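J.: What follows is start-v2.pdb; its format and atoms are PDB, C-alpha atoms.
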```pdb
MODEL        1
ATOM      1  CA  MET X   1     -24.021 -16.077 -23.505
ATOM      2  CA  ALA X   2     -26.229 -13.131 -22.552
ATOM      3  CA  ARG X   3     -24.755 -11.064 -19.761
ATOM      4  CA  ILE X   4     -26.979 -10.362 -16.754
ATOM      5  CA  PRO X   5     -26.819  -6.610 -16.068
ATOM      6  CA  ILE X   6     -25.346  -5.538 -12.726
ATOM      7  CA  ASP X   7     -26.460  -2.394 -10.944
ATOM      8  CA  ILE X   8     -26.774  -0.888  -7.473
ATOM      9  CA  THR X   9     -29.287   1.524  -5.943
ATOM     10  CA  LEU X  10     -27.848   4.818  -4.770
ATOM     11  CA  PRO X  11     -29.266   6.696  -1.792
ATOM     12  CA  ASP X  12     -31.144   9.953  -2.282
ATOM     13  CA  LEU X  13     -28.421  12.533  -2.938
ATOM     14  CA  ALA X  14     -30.617  15.642  -3.062
ATOM     15  CA  GLY X  15     -28.762  18.564  -1.487
ATOM     16  CA  THR X  16     -25.380  16.944  -2.193
ATOM     17  CA  ARG X  17     -22.645  18.565  -4.290
ATOM     18  CA  ALA X  18     -20.385  16.074  -6.040
ATOM     19  CA  VAL X  19     -17.174  16.745  -7.957
ATOM     20  CA  VAL X  20     -16.027  14.035 -10.374
ATOM     21  CA  THR X  21     -12.712  14.290 -12.199
ATOM     22  CA  GLY X  22     -12.575  12.603 -15.575
ATOM     23  CA  GLY X  23     -16.346  12.833 -15.777
ATOM     24  CA  SER X  24     -16.654  13.717 -19.459
ATOM     25  CA  ASP X  25     -16.306  10.173 -20.776
ATOM     26  CA  GLY X  26     -15.778   6.526 -19.863
ATOM     27  CA  ILE X  27     -16.242   5.358 -16.307
ATOM     28  CA  GLY X  28     -16.282   8.936 -15.007
ATOM     29  CA  LEU X  29     -19.252   9.851 -17.190
ATOM     30  CA  ARG X  30     -21.173   6.828 -15.936
ATOM     31  CA  ILE X  31     -20.375   7.833 -12.361
ATOM     32  CA  ALA X  32     -21.602  11.368 -13.060
ATOM     33  CA  VAL X  33     -24.818  10.106 -14.681
ATOM     34  CA  ALA X  34     -25.631   7.926 -11.679
ATOM     35  CA  LEU X  35     -24.920  10.686  -9.148
ATOM     36  CA  ALA X  36     -27.069  13.173 -11.065
ATOM     37  CA  ALA X  37     -29.909  10.639 -11.386
ATOM     38  CA  ALA X  38     -29.794  10.185  -7.604
ATOM     39  CA  GLY X  39     -30.321  13.939  -7.122
ATOM     40  CA  ALA X  40     -26.783  15.256  -6.618
ATOM     41  CA  GLU X  41     -25.558  18.505  -8.086
ATOM     42  CA  VAL X  42     -22.634  17.332 -10.198
ATOM     43  CA  VAL X  43     -19.600  19.447 -11.067
ATOM     44  CA  LEU X  44     -17.437  18.182 -13.924
ATOM     45  CA  PRO X  45     -13.912  19.631 -13.990
ATOM     46  CA  VAL X  46     -12.726  18.975 -17.551
ATOM     47  CA  ARG X  47      -9.792  19.825 -19.785
ATOM     48  CA  ASN X  48     -11.934  20.082 -22.931
ATOM     49  CA  PRO X  49     -14.993  22.345 -22.458
ATOM     50  CA  ALA X  50     -16.699  21.104 -25.633
ATOM     51  CA  LYS X  51     -16.389  17.535 -24.427
ATOM     52  CA  GLY X  52     -17.731  18.639 -21.061
ATOM     53  CA  GLU X  53     -20.792  20.241 -22.625
ATOM     54  CA  ALA X  54     -21.416  17.059 -24.597
ATOM     55  CA  ALA X  55     -21.218  15.132 -21.319
ATOM     56  CA  ILE X  56     -23.827  17.436 -19.790
ATOM     57  CA  GLY X  57     -26.136  16.568 -22.678
ATOM     58  CA  ARG X  58     -25.579  12.847 -22.090
ATOM     59  CA  ILE X  59     -26.232  13.225 -18.366
ATOM     60  CA  ARG X  60     -29.473  15.125 -18.909
ATOM     61  CA  GLU X  61     -30.682  12.456 -21.324
ATOM     62  CA  HIS X  62     -30.565  10.015 -18.404
ATOM     63  CA  ALA X  63     -31.401  12.498 -15.642
ATOM     64  CA  PRO X  64     -33.631  15.241 -17.090
ATOM     65  CA  GLY X  65     -33.510  18.494 -15.172
ATOM     66  CA  SER X  66     -30.397  17.484 -13.249
ATOM     67  CA  ALA X  67     -28.041  20.139 -11.897
ATOM     68  CA  VAL X  68     -24.748  19.579 -13.683
ATOM     69  CA  SER X  69     -22.089  22.061 -14.743
ATOM     70  CA  VAL X  70     -18.580  22.206 -16.170
ATOM     71  CA  ARG X  71     -15.429  23.848 -14.801
ATOM     72  CA  ARG X  72     -11.990  24.009 -16.403
ATOM     73  CA  LEU X  73      -9.297  21.671 -15.086
ATOM     74  CA  ASP X  74      -6.114  20.159 -16.462
ATOM     75  CA  LEU X  75      -4.790  17.826 -13.771
ATOM     76  CA  SER X  76      -1.377  17.842 -15.448
ATOM     77  CA  SER X  77      -0.972  21.538 -14.543
ATOM     78  CA  LEU X  78      -0.705  22.679 -10.928
ATOM     79  CA  GLU X  79      -1.604  26.190 -12.087
ATOM     80  CA  SER X  80      -4.867  24.845 -13.517
ATOM     81  CA  VAL X  81      -5.602  22.916 -10.310
ATOM     82  CA  ALA X  82      -5.040  26.083  -8.266
ATOM     83  CA  ALA X  83      -7.335  28.068 -10.578
ATOM     84  CA  LEU X  84     -10.143  25.534 -10.149
ATOM     85  CA  GLY X  85      -9.658  25.610  -6.394
ATOM     86  CA  GLU X  86      -9.952  29.394  -6.393
ATOM     87  CA  THR X  87     -13.097  29.219  -8.538
ATOM     88  CA  LEU X  88     -14.882  26.667  -6.375
ATOM     89  CA  ARG X  89     -13.836  28.343  -3.121
ATOM     90  CA  SER X  90     -15.194  31.651  -4.428
ATOM     91  CA  GLU X  91     -18.536  29.929  -5.058
ATOM     92  CA  GLY X  92     -18.527  28.911  -1.399
ATOM     93  CA  ALA X  93     -20.676  25.782  -1.786
ATOM     94  CA  PRO X  94     -19.617  22.846   0.420
ATOM     95  CA  ILE X  95     -18.513  19.698  -1.416
ATOM     96  CA  HIS X  96     -19.974  16.451  -0.095
ATOM     97  CA  LEU X  97     -18.481  13.955  -2.558
ATOM     98  CA  LEU X  98     -15.190  14.047  -4.432
ATOM     99  CA  VAL X  99     -14.375  11.214  -6.821
ATOM    100  CA  ASN X 100     -10.736  11.295  -7.944
ATOM    101  CA  ASN X 101     -11.332   9.311 -11.104
ATOM    102  CA  ALA X 102      -9.407  10.948 -13.960
ATOM    103  CA  GLY X 103      -6.248   9.382 -15.262
ATOM    104  CA  VAL X 104      -3.939   8.691 -18.169
ATOM    105  CA  MET X 105      -2.397   5.304 -18.885
ATOM    106  CA  THR X 106       0.825   4.022 -20.420
ATOM    107  CA  PRO X 107       1.965   6.484 -23.062
ATOM    108  CA  PRO X 108       4.525   4.498 -25.069
ATOM    109  CA  GLU X 109       7.162   7.186 -24.653
ATOM    110  CA  ARG X 110       7.917   9.175 -21.514
ATOM    111  CA  GLN X 111       5.994  12.455 -21.369
ATOM    112  CA  THR X 112       5.920  15.187 -18.752
ATOM    113  CA  THR X 113       3.346  17.510 -17.253
ATOM    114  CA  ALA X 114       3.422  21.299 -17.457
ATOM    115  CA  ASP X 115       5.393  21.209 -14.195
ATOM    116  CA  GLY X 116       7.958  18.667 -15.410
ATOM    117  CA  PHE X 117       6.646  15.557 -13.650
ATOM    118  CA  GLU X 118       6.330  12.196 -15.412
ATOM    119  CA  LEU X 119       2.881  12.424 -16.980
ATOM    120  CA  GLN X 120       1.150   9.550 -15.170
ATOM    121  CA  PHE X 121       2.560  10.332 -11.729
ATOM    122  CA  GLY X 122       1.896  14.034 -12.207
ATOM    123  CA  THR X 123      -1.667  13.637 -13.501
ATOM    124  CA  ASN X 124      -3.051  10.561 -11.766
ATOM    125  CA  HIS X 125      -1.491  11.243  -8.382
ATOM    126  CA  LEU X 126       0.029  14.689  -7.853
ATOM    127  CA  GLY X 127      -2.808  16.494  -9.626
ATOM    128  CA  HIS X 128      -5.324  14.872  -7.307
ATOM    129  CA  VAL X 129      -3.214  15.582  -4.220
ATOM    130  CA  ALA X 130      -3.120  19.261  -5.152
ATOM    131  CA  LEU X 131      -6.857  19.237  -5.882
ATOM    132  CA  VAL X 132      -7.728  17.800  -2.470
ATOM    133  CA  ALA X 133      -5.546  20.427  -0.816
ATOM    134  CA  GLU X 134      -7.139  23.246  -2.835
ATOM    135  CA  LEU X 135     -10.658  22.053  -1.980
ATOM    136  CA  MET X 136      -9.958  21.266   1.671
ATOM    137  CA  PRO X 137     -12.107  24.105   3.148
ATOM    138  CA  LEU X 138     -15.085  23.019   1.013
ATOM    139  CA  LEU X 139     -14.523  19.334   1.761
ATOM    140  CA  ARG X 140     -14.435  20.060   5.483
ATOM    141  CA  ALA X 141     -17.546  22.205   5.245
ATOM    142  CA  GLY X 142     -19.377  19.357   3.512
ATOM    143  CA  ARG X 143     -17.933  16.623   5.764
ATOM    144  CA  ALA X 144     -17.048  15.053   2.453
ATOM    145  CA  ARG X 145     -16.342  11.543   1.400
ATOM    146  CA  VAL X 146     -13.329  11.367  -0.926
ATOM    147  CA  THR X 147     -13.089   8.283  -3.129
ATOM    148  CA  SER X 148      -9.909   7.729  -5.118
ATOM    149  CA  GLN X 149     -10.054   5.449  -8.140
ATOM    150  CA  LEU X 150      -7.158   3.004  -8.385
ATOM    151  CA  SER X 151      -6.516   0.118 -10.764
ATOM    152  CA  VAL X 152      -5.668  -3.567 -10.657
ATOM    153  CA  SER X 153      -2.230  -2.275 -11.658
ATOM    154  CA  ALA X 154      -1.808  -1.051  -8.069
ATOM    155  CA  ASN X 155      -1.418  -4.718  -7.152
ATOM    156  CA  GLN X 156       1.883  -4.939  -8.995
ATOM    157  CA  GLY X 157       5.107  -2.987  -9.151
ATOM    158  CA  SER X 158       6.179  -0.445  -6.542
ATOM    159  CA  ILE X 159       7.049   3.202  -6.031
ATOM    160  CA  ASN X 160      10.348   3.927  -7.738
ATOM    161  CA  TRP X 161      11.696   6.108  -4.956
ATOM    162  CA  ASP X 162      15.150   6.414  -6.567
ATOM    163  CA  ASP X 163      13.645   7.811  -9.772
ATOM    164  CA  LEU X 164      10.049   8.982  -9.251
ATOM    165  CA  GLY X 165      10.077  10.644 -12.666
ATOM    166  CA  TRP X 166      11.296   7.549 -14.547
ATOM    167  CA  GLU X 167      13.985   9.626 -16.196
ATOM    168  CA  ARG X 168      16.645   6.886 -16.312
ATOM    169  CA  SER X 169      14.669   3.907 -17.581
ATOM    170  CA  TYR X 170      11.081   4.660 -18.520
ATOM    171  CA  ASN X 171       8.556   1.846 -18.311
ATOM    172  CA  GLY X 172       5.002   2.999 -19.014
ATOM    173  CA  GLY X 173       3.279   0.131 -17.231
ATOM    174  CA  ARG X 174       5.415   0.359 -14.095
ATOM    175  CA  ALA X 175       5.059   4.150 -14.028
ATOM    176  CA  TYR X 176       1.274   3.728 -14.235
ATOM    177  CA  SER X 177       1.325   1.245 -11.349
ATOM    178  CA  GLN X 178       3.413   3.696  -9.320
ATOM    179  CA  SER X 179       0.892   6.496  -9.901
ATOM    180  CA  LYS X 180      -2.001   4.357  -8.667
ATOM    181  CA  ILE X 181      -0.118   2.943  -5.670
ATOM    182  CA  ALA X 182       0.821   6.487  -4.654
ATOM    183  CA  LEU X 183      -2.763   7.730  -5.001
ATOM    184  CA  GLY X 184      -4.002   4.812  -2.899
ATOM    185  CA  LEU X 185      -1.454   5.432  -0.158
ATOM    186  CA  PHE X 186      -2.349   9.122  -0.175
ATOM    187  CA  GLY X 187      -6.071   8.336   0.096
ATOM    188  CA  LEU X 188      -5.499   6.086   3.106
ATOM    189  CA  GLU X 189      -3.225   8.621   4.790
ATOM    190  CA  LEU X 190      -5.828  11.339   4.160
ATOM    191  CA  ASP X 191      -8.365   9.263   6.059
ATOM    192  CA  ARG X 192      -5.984   8.638   8.968
ATOM    193  CA  ARG X 193      -4.982  12.299   9.238
ATOM    194  CA  SER X 194      -8.582  13.465   9.024
ATOM    195  CA  ALA X 195      -9.563  11.124  11.861
ATOM    196  CA  ALA X 196      -6.603  12.228  13.993
ATOM    197  CA  GLY X 197      -7.066  15.931  13.255
ATOM    198  CA  GLY X 198     -10.857  16.106  13.339
ATOM    199  CA  TRP X 199     -11.120  17.328   9.746
ATOM    200  CA  GLY X 200     -14.511  15.651   9.275
ATOM    201  CA  ILE X 201     -13.512  14.051   5.958
ATOM    202  CA  SER X 202     -13.651  10.345   5.183
ATOM    203  CA  SER X 203     -11.528   8.830   2.439
ATOM    204  CA  ASN X 204     -11.667   5.434   0.785
ATOM    205  CA  LEU X 205     -10.500   3.664  -2.365
ATOM    206  CA  SER X 206     -12.044   1.879  -5.317
ATOM    207  CA  HIS X 207     -10.972   0.111  -8.465
ATOM    208  CA  PRO X 208     -13.049  -0.739 -11.541
ATOM    209  CA  GLY X 209     -11.685  -4.192 -12.276
ATOM    210  CA  VAL X 210     -11.007  -4.688 -15.971
ATOM    211  CA  ALA X 211     -13.432  -3.437 -18.610
ATOM    212  CA  PRO X 212     -13.280  -1.953 -22.124
ATOM    213  CA  THR X 213     -12.884   1.715 -21.279
ATOM    214  CA  SER X 214     -10.990   4.487 -23.034
ATOM    215  CA  LEU X 215      -7.755   4.206 -21.016
ATOM    216  CA  LEU X 216      -6.116   1.701 -23.368
ATOM    217  CA  ALA X 217      -7.863   2.871 -26.509
ATOM    218  CA  ALA X 218      -6.225   4.920 -29.241
ATOM    219  CA  ARG X 219      -5.025   8.228 -27.791
ATOM    220  CA  PRO X 220      -2.993  10.162 -30.379
ATOM    221  CA  GLU X 221      -2.212  12.882 -27.821
ATOM    222  CA  LEU X 222      -0.410  10.234 -25.769
ATOM    223  CA  GLY X 223       1.475   8.851 -28.746
ATOM    224  CA  ARG X 224      -0.849   5.856 -29.175
ATOM    225  CA  ALA X 225      -2.337   6.044 -32.662
ATOM    226  CA  ASN X 226      -4.240   2.740 -32.464
ATOM    227  CA  ASP X 227      -6.008   0.596 -29.897
ATOM    228  CA  THR X 228      -3.642  -1.740 -28.086
ATOM    229  CA  SER X 229      -3.961  -5.485 -28.544
ATOM    230  CA  GLY X 230      -4.840  -5.567 -24.844
ATOM    231  CA  VAL X 231      -7.928  -3.399 -25.231
ATOM    232  CA  ARG X 232      -9.086  -5.414 -28.240
ATOM    233  CA  LEU X 233      -8.904  -8.609 -26.171
ATOM    234  CA  ILE X 234     -10.672  -6.885 -23.259
ATOM    235  CA  ARG X 235     -13.520  -5.807 -25.551
ATOM    236  CA  TRP X 236     -13.865  -9.341 -26.935
ATOM    237  CA  LEU X 237     -14.033 -10.961 -23.482
ATOM    238  CA  SER X 238     -16.338  -8.313 -22.029
ATOM    239  CA  ALA X 239     -18.809  -8.551 -24.922
ATOM    240  CA  ARG X 240     -19.111 -12.290 -24.307
ATOM    241  CA  GLY X 241     -19.555 -12.033 -20.546
ATOM    242  CA  LEU X 242     -16.230 -13.762 -19.891
ATOM    243  CA  LEU X 243     -14.421 -12.833 -16.655
ATOM    244  CA  LEU X 244     -14.356  -9.075 -17.194
ATOM    245  CA  GLY X 245     -16.718  -6.239 -16.441
ATOM    246  CA  THR X 246     -18.509  -3.776 -18.676
ATOM    247  CA  PRO X 247     -18.088   0.012 -18.747
ATOM    248  CA  GLU X 248     -21.330   0.147 -16.740
ATOM    249  CA  SER X 249     -20.300  -2.342 -14.058
ATOM    250  CA  ALA X 250     -16.810  -0.818 -13.831
ATOM    251  CA  ALA X 251     -18.337   2.404 -12.498
ATOM    252  CA  LEU X 252     -20.117   0.659  -9.628
ATOM    253  CA  PRO X 253     -17.256   0.198  -7.108
ATOM    254  CA  ALA X 254     -16.519   3.937  -7.063
ATOM    255  CA  LEU X 255     -20.226   4.739  -6.823
ATOM    256  CA  TYR X 256     -20.641   2.303  -3.953
ATOM    257  CA  ALA X 257     -17.535   3.582  -2.162
ATOM    258  CA  ALA X 258     -18.624   7.207  -2.601
ATOM    259  CA  THR X 259     -22.301   6.925  -1.659
ATOM    260  CA  ALA X 260     -23.267   3.734   0.179
ATOM    261  CA  PRO X 261     -24.055   4.441   3.842
ATOM    262  CA  GLU X 262     -22.331   1.194   4.783
ATOM    263  CA  ALA X 263     -19.139   1.906   2.798
ATOM    264  CA  ARG X 264     -16.328   2.389   5.299
ATOM    265  CA  SER X 265     -13.648   5.049   5.437
ATOM    266  CA  GLY X 266     -10.173   3.671   4.845
ATOM    267  CA  ALA X 267     -11.601   0.667   2.984
ATOM    268  CA  PHE X 268     -11.094  -0.608  -0.565
ATOM    269  CA  TYR X 269     -13.906  -1.526  -2.967
ATOM    270  CA  GLY X 270     -13.843  -3.357  -6.273
ATOM    271  CA  PRO X 271     -15.683  -6.022  -8.258
ATOM    272  CA  LYS X 272     -16.309  -9.270  -6.362
ATOM    273  CA  GLY X 273     -16.170 -11.607  -9.348
ATOM    274  CA  PHE X 274     -13.349 -14.004 -10.217
ATOM    275  CA  GLY X 275     -10.004 -12.319  -9.675
ATOM    276  CA  HIS X 276     -11.853  -9.094  -8.838
ATOM    277  CA  LEU X 277     -11.937  -8.405 -12.581
ATOM    278  CA  GLY X 278     -15.698  -7.927 -12.920
ATOM    279  CA  GLY X 279     -18.944  -8.251 -11.033
ATOM    280  CA  ALA X 280     -20.894  -6.383  -8.398
ATOM    281  CA  PRO X 281     -18.996  -4.091  -6.010
ATOM    282  CA  ALA X 282     -17.801  -5.313  -2.638
ATOM    283  CA  GLU X 283     -15.169  -4.519  -0.039
ATOM    284  CA  GLN X 284     -11.908  -6.362  -0.567
ATOM    285  CA  PRO X 285      -8.540  -6.625   1.160
ATOM    286  CA  LEU X 286      -6.031  -3.869   0.556
ATOM    287  CA  TYR X 287      -3.415  -4.710  -2.005
ATOM    288  CA  SER X 288      -0.074  -5.491  -0.370
ATOM    289  CA  ARG X 289       1.422  -2.306  -1.835
ATOM    290  CA  LEU X 290      -1.113  -0.213   0.116
ATOM    291  CA  ARG X 291      -0.610  -1.662   3.589
ATOM    292  CA  SER X 292       2.497   0.175   4.818
ATOM    293  CA  GLU X 293       1.689   3.233   6.919
ATOM    294  CA  ASP X 294       5.345   4.258   6.748
ATOM    295  CA  GLU X 295       5.159   4.233   2.965
ATOM    296  CA  ALA X 296       1.919   6.229   3.105
ATOM    297  CA  ARG X 297       3.480   8.881   5.327
ATOM    298  CA  ARG X 298       6.402   9.126   2.917
ATOM    299  CA  VAL X 299       4.042   9.574  -0.038
ATOM    300  CA  TRP X 300       2.130  12.232   1.918
ATOM    301  CA  GLN X 301       5.290  14.205   2.662
ATOM    302  CA  VAL X 302       6.896  13.942  -0.769
ATOM    303  CA  SER X 303       3.631  14.769  -2.528
ATOM    304  CA  GLN X 304       3.253  17.975  -0.520
ATOM    305  CA  GLU X 305       6.833  18.937  -1.288
ATOM    306  CA  LEU X 306       6.433  18.326  -5.014
ATOM    307  CA  THR X 307       3.106  20.133  -5.349
ATOM    308  CA  GLY X 308       3.702  22.875  -2.776
ATOM    309  CA  SER X 309       0.443  21.859  -1.106
ATOM    310  CA  SER X 310      -0.331  21.832   2.588
ATOM    311  CA  PHE X 311      -3.084  20.449   4.773
ATOM    312  CA  PRO X 312      -4.630  21.548   8.084
ATOM    313  CA  GLY X 313      -2.114  21.578  10.882
ATOM    314  CA  THR X 314       0.689  20.371   8.631
ATOM    315  CA  SER X 315       3.447  21.702   6.462
ATOM    316  CA  PRO X 316       5.183  20.014   3.541
ATOM    317  CA  GLU X 317       7.708  18.673   6.048
ATOM    318  CA  ALA X 318       5.101  17.144   8.390
TER
ENDMDL
END
```
For this file, produce the structure as structure tokens.
T.:
Amino acid sequence: MARIPIDITLPDLAGTRAVVTGGSDGIGLRIAVALAAAGAEVVLPVRNPAKGEAAIGRIREHAPGSAVSVRRLDLSSLESVAALGETLRSEGAPIHLLVNNAGVMTPPERQTTADGFELQFGTNHLGHVALVAELMPLLRAGRARVTSQLSVSANQGSINWDDLGWERSYNGGRAYSQSKIALGLFGLELDRRSAAGGWGISSNLSHPGVAPTSLLAARPELGRANDTSGVRLIRWLSARGLLLGTPESAALPALYAATAPEARSGAFYGPKGFGHLGGAPAEQPLYSRLRSEDEARRVWQVSQELTGSSFPGTSPEA
């Protein structure tokens, strides 16, 4: 069965500066291409500069003459996050869009970040918390929209408050779910605190559904030498137009959440197809794990303590 392509039309983003983490490949690269084609200046913070330069070439193939540039960032290192923050603040340009898209998924054995955090929690969640804090003056200046990319995995599991680092009994899938639940709760709390404090920032959430992206593919650096059986099945279903999305359609919820004039702050966007696994983007109910404001406040506080970050009018204890 031939799949009918799905796409959305972005507004004119001329004069907009967008920062996309994880923008050198996969869903992030497709997000960056679409933003650049709509006229945004796109900044790609990347761990691998050569990969970033290759991404610039891909973007300019689709959006000739676009303004796109690379900066260094390793989200698994708070020192690297702070260095990027210093670089972008020294440039002084307001940021209008921030898409917290980068992530790592289910290393078979427990790994840690440069700062000693469990790799998925430290990269997917804490790295983005620290990045938002570092960029806060630029986000406020641009009255930015912050979109944080979650996963269908945020609809299962919970935050392992007794062992956030999964030191006693590591489970890669549950640790991944925790990282995405925490990022979602942080994104919602960011929106509430911005509204209460007059920060001028809006924050919402997205998820890509399920599509054959690089997250489950072979990643030797994560201890995964071969594609998982799960990603092989996902590729098979996606290629036949069965239930799941494509790498192209998987980028659309974040693009819609980040740019659509009608996309709401504090809302959650994902595919509207069966089971929210694929299809065009649409608003959907918050996952049950994201609904507790008490849990969100706890994530906010603990995340500041762990990263040493602070936000306007608050301290790590607030």
J.: Return the single residue from X:Gln149, X:Ser309, X:Ser265, X:Thr246 that is closest to Gly279 in chain X, with distances computed using only C-alpha atoms.
T.: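 The answer is X:Thr246, which sits nearest to Gly279 in chain X.
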J.: Compile the contact shell of range 81-95 of chain X as a ChimeraX atom specification: residues with an atom at most 7 Å away, counting all atoms listed in the file, same-chain residues fewer than 4 positions apart removed.
T.: /X:17-18,72-75,77,130-131,134-135,138-139,141-142,144
J.: Output C-alpha atoms for every residue in the selection just made, as a PDB file, keeping the file's coordinate frame.
T.:
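Printed below is out02.pdb as written:
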```pdb
ATOM      1  CA  ARG X  17     -22.645  18.565  -4.290  1.00  0.00           C
ATOM      2  CA  ALA X  18     -20.385  16.074  -6.040  1.00  0.00           C
ATOM      3  CA  ARG X  72     -11.990  24.009 -16.403  1.00  0.00           C
ATOM      4  CA  LEU X  73      -9.297  21.671 -15.086  1.00  0.00           C
ATOM      5  CA  ASP X  74      -6.114  20.159 -16.462  1.00  0.00           C
ATOM      6  CA  LEU X  75      -4.790  17.826 -13.771  1.00  0.00           C
ATOM      7  CA  SER X  77      -0.972  21.538 -14.543  1.00  0.00           C
ATOM      8  CA  ALA X 130      -3.120  19.261  -5.152  1.00  0.00           C
ATOM      9  CA  LEU X 131      -6.857  19.237  -5.882  1.00  0.00           C
ATOM     10  CA  GLU X 134      -7.139  23.246  -2.835  1.00  0.00           C
ATOM     11  CA  LEU X 135     -10.658  22.053  -1.980  1.00  0.00           C
ATOM     12  CA  LEU X 138     -15.085  23.019   1.013  1.00  0.00           C
ATOM     13  CA  LEU X 139     -14.523  19.334   1.761  1.00  0.00           C
ATOM     14  CA  ALA X 141     -17.546  22.205   5.245  1.00  0.00           C
ATOM     15  CA  GLY X 142     -19.377  19.357   3.512  1.00  0.00           C
ATOM     16  CA  ALA X 144     -17.048  15.053   2.453  1.00  0.00           C
TER      17      ALA X 144
END
```
J.: Evaluate the PyMOL selection byres ((chain X and resi 261) around 12) against this structure - the residues, as a PyMOL selection string, please.
T.: chain X and resi 9-13+145+255-260+262-265
J.: Would you write out those residues with C-alpha atoms, as an mmCIF file, in the frame of the given file?
T.:
```cif
data_model
loop_
_atom_site.group_PDB
_atom_site.id
_atom_site.type_symbol
_atom_site.label_atom_id
_atom_site.label_comp_id
_atom_site.auth_asym_id
_atom_site.auth_seq_id
_atom_site.Cartn_x
_atom_site.Cartn_y
_atom_site.Cartn_z
ATOM 1 C CA THR X 9 -29.287 1.524 -5.943
ATOM 2 C CA LEU X 10 -27.848 4.818 -4.770
ATOM 3 C CA PRO X 11 -29.266 6.696 -1.792
ATOM 4 C CA ASP X 12 -31.144 9.953 -2.282
ATOM 5 C CA LEU X 13 -28.421 12.533 -2.938
ATOM 6 C CA ARG X 145 -16.342 11.543 1.400
ATOM 7 C CA LEU X 255 -20.226 4.739 -6.823
ATOM 8 C CA TYR X 256 -20.641 2.303 -3.953
ATOM 9 C CA ALA X 257 -17.535 3.582 -2.162
ATOM 10 C CA ALA X 258 -18.624 7.207 -2.601
ATOM 11 C CA THR X 259 -22.301 6.925 -1.659
ATOM 12 C CA ALA X 260 -23.267 3.734 0.179
ATOM 13 C CA GLU X 262 -22.331 1.194 4.783
ATOM 14 C CA ALA X 263 -19.139 1.906 2.798
ATOM 15 C CA ARG X 264 -16.328 2.389 5.299
ATOM 16 C CA SER X 265 -13.648 5.049 5.437
#
```
J.: Name the residues that the PyMOL selection byres ((chain X and resi 199-202) around 6) pulls out of this structure, and write them as number ranges by chain.
T.: X: 140, 143-145, 191, 194, 197-198, 203, 265
J.: Check the smallest atom-to-atom distance from each of X:Leu35, X:Ala282, X:Ala154, X:Ala102 to Leu185 in chain X using only C-alpha atoms, then report the winner.
T.: X:Ala154
J.: Taking only C-alpha atoms into account, name the residue in X:Pro108, X:Asn171, X:Pro253, X:Glu305 that is nearest to Leu126 in chain X.
T.: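 Smallest separation from Leu126 in chain X among the options: X:Glu305.
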J.: Under the rule that all atoms listed in the file are counted, which of X:Ala37, X:Ala254, X:Leu290, X:Ala54 is the nearest residue to Asp25 in chain X?
T.: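 Result for the nearest residue to Asp25 in chain X: X:Ala54.
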J.: Can you tell me how far CA of Leu29 in chain X sits from CA of Leu205 in chain X, in Å to one decimal?
T.: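 Straight-line distance from CA of Leu29 in chain X to CA of Leu205 in chain X works out to 18.3 Å.
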J.: Give the answer as one residue: which of X:Ala280, X:Leu286, X:Leu97, X:Ile181 has the shortest atom-to-atom distance to Ile6 in chain X, using only C-alpha atoms?
T.: X:Ala280
J.: Quote the spacing between CA of Trp166 in chain X and CA of Arg297 in chain X in Å to one decimal place.
T.: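 Distance between the two atoms: 21.4 Å.
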J.: With only C-alpha atoms as the atoms that count, which of X:Trp161, X:Ser76, X:Ser179, X:Arg30 lies nearest to Arg298 in chain X?
T.: X:Trp161
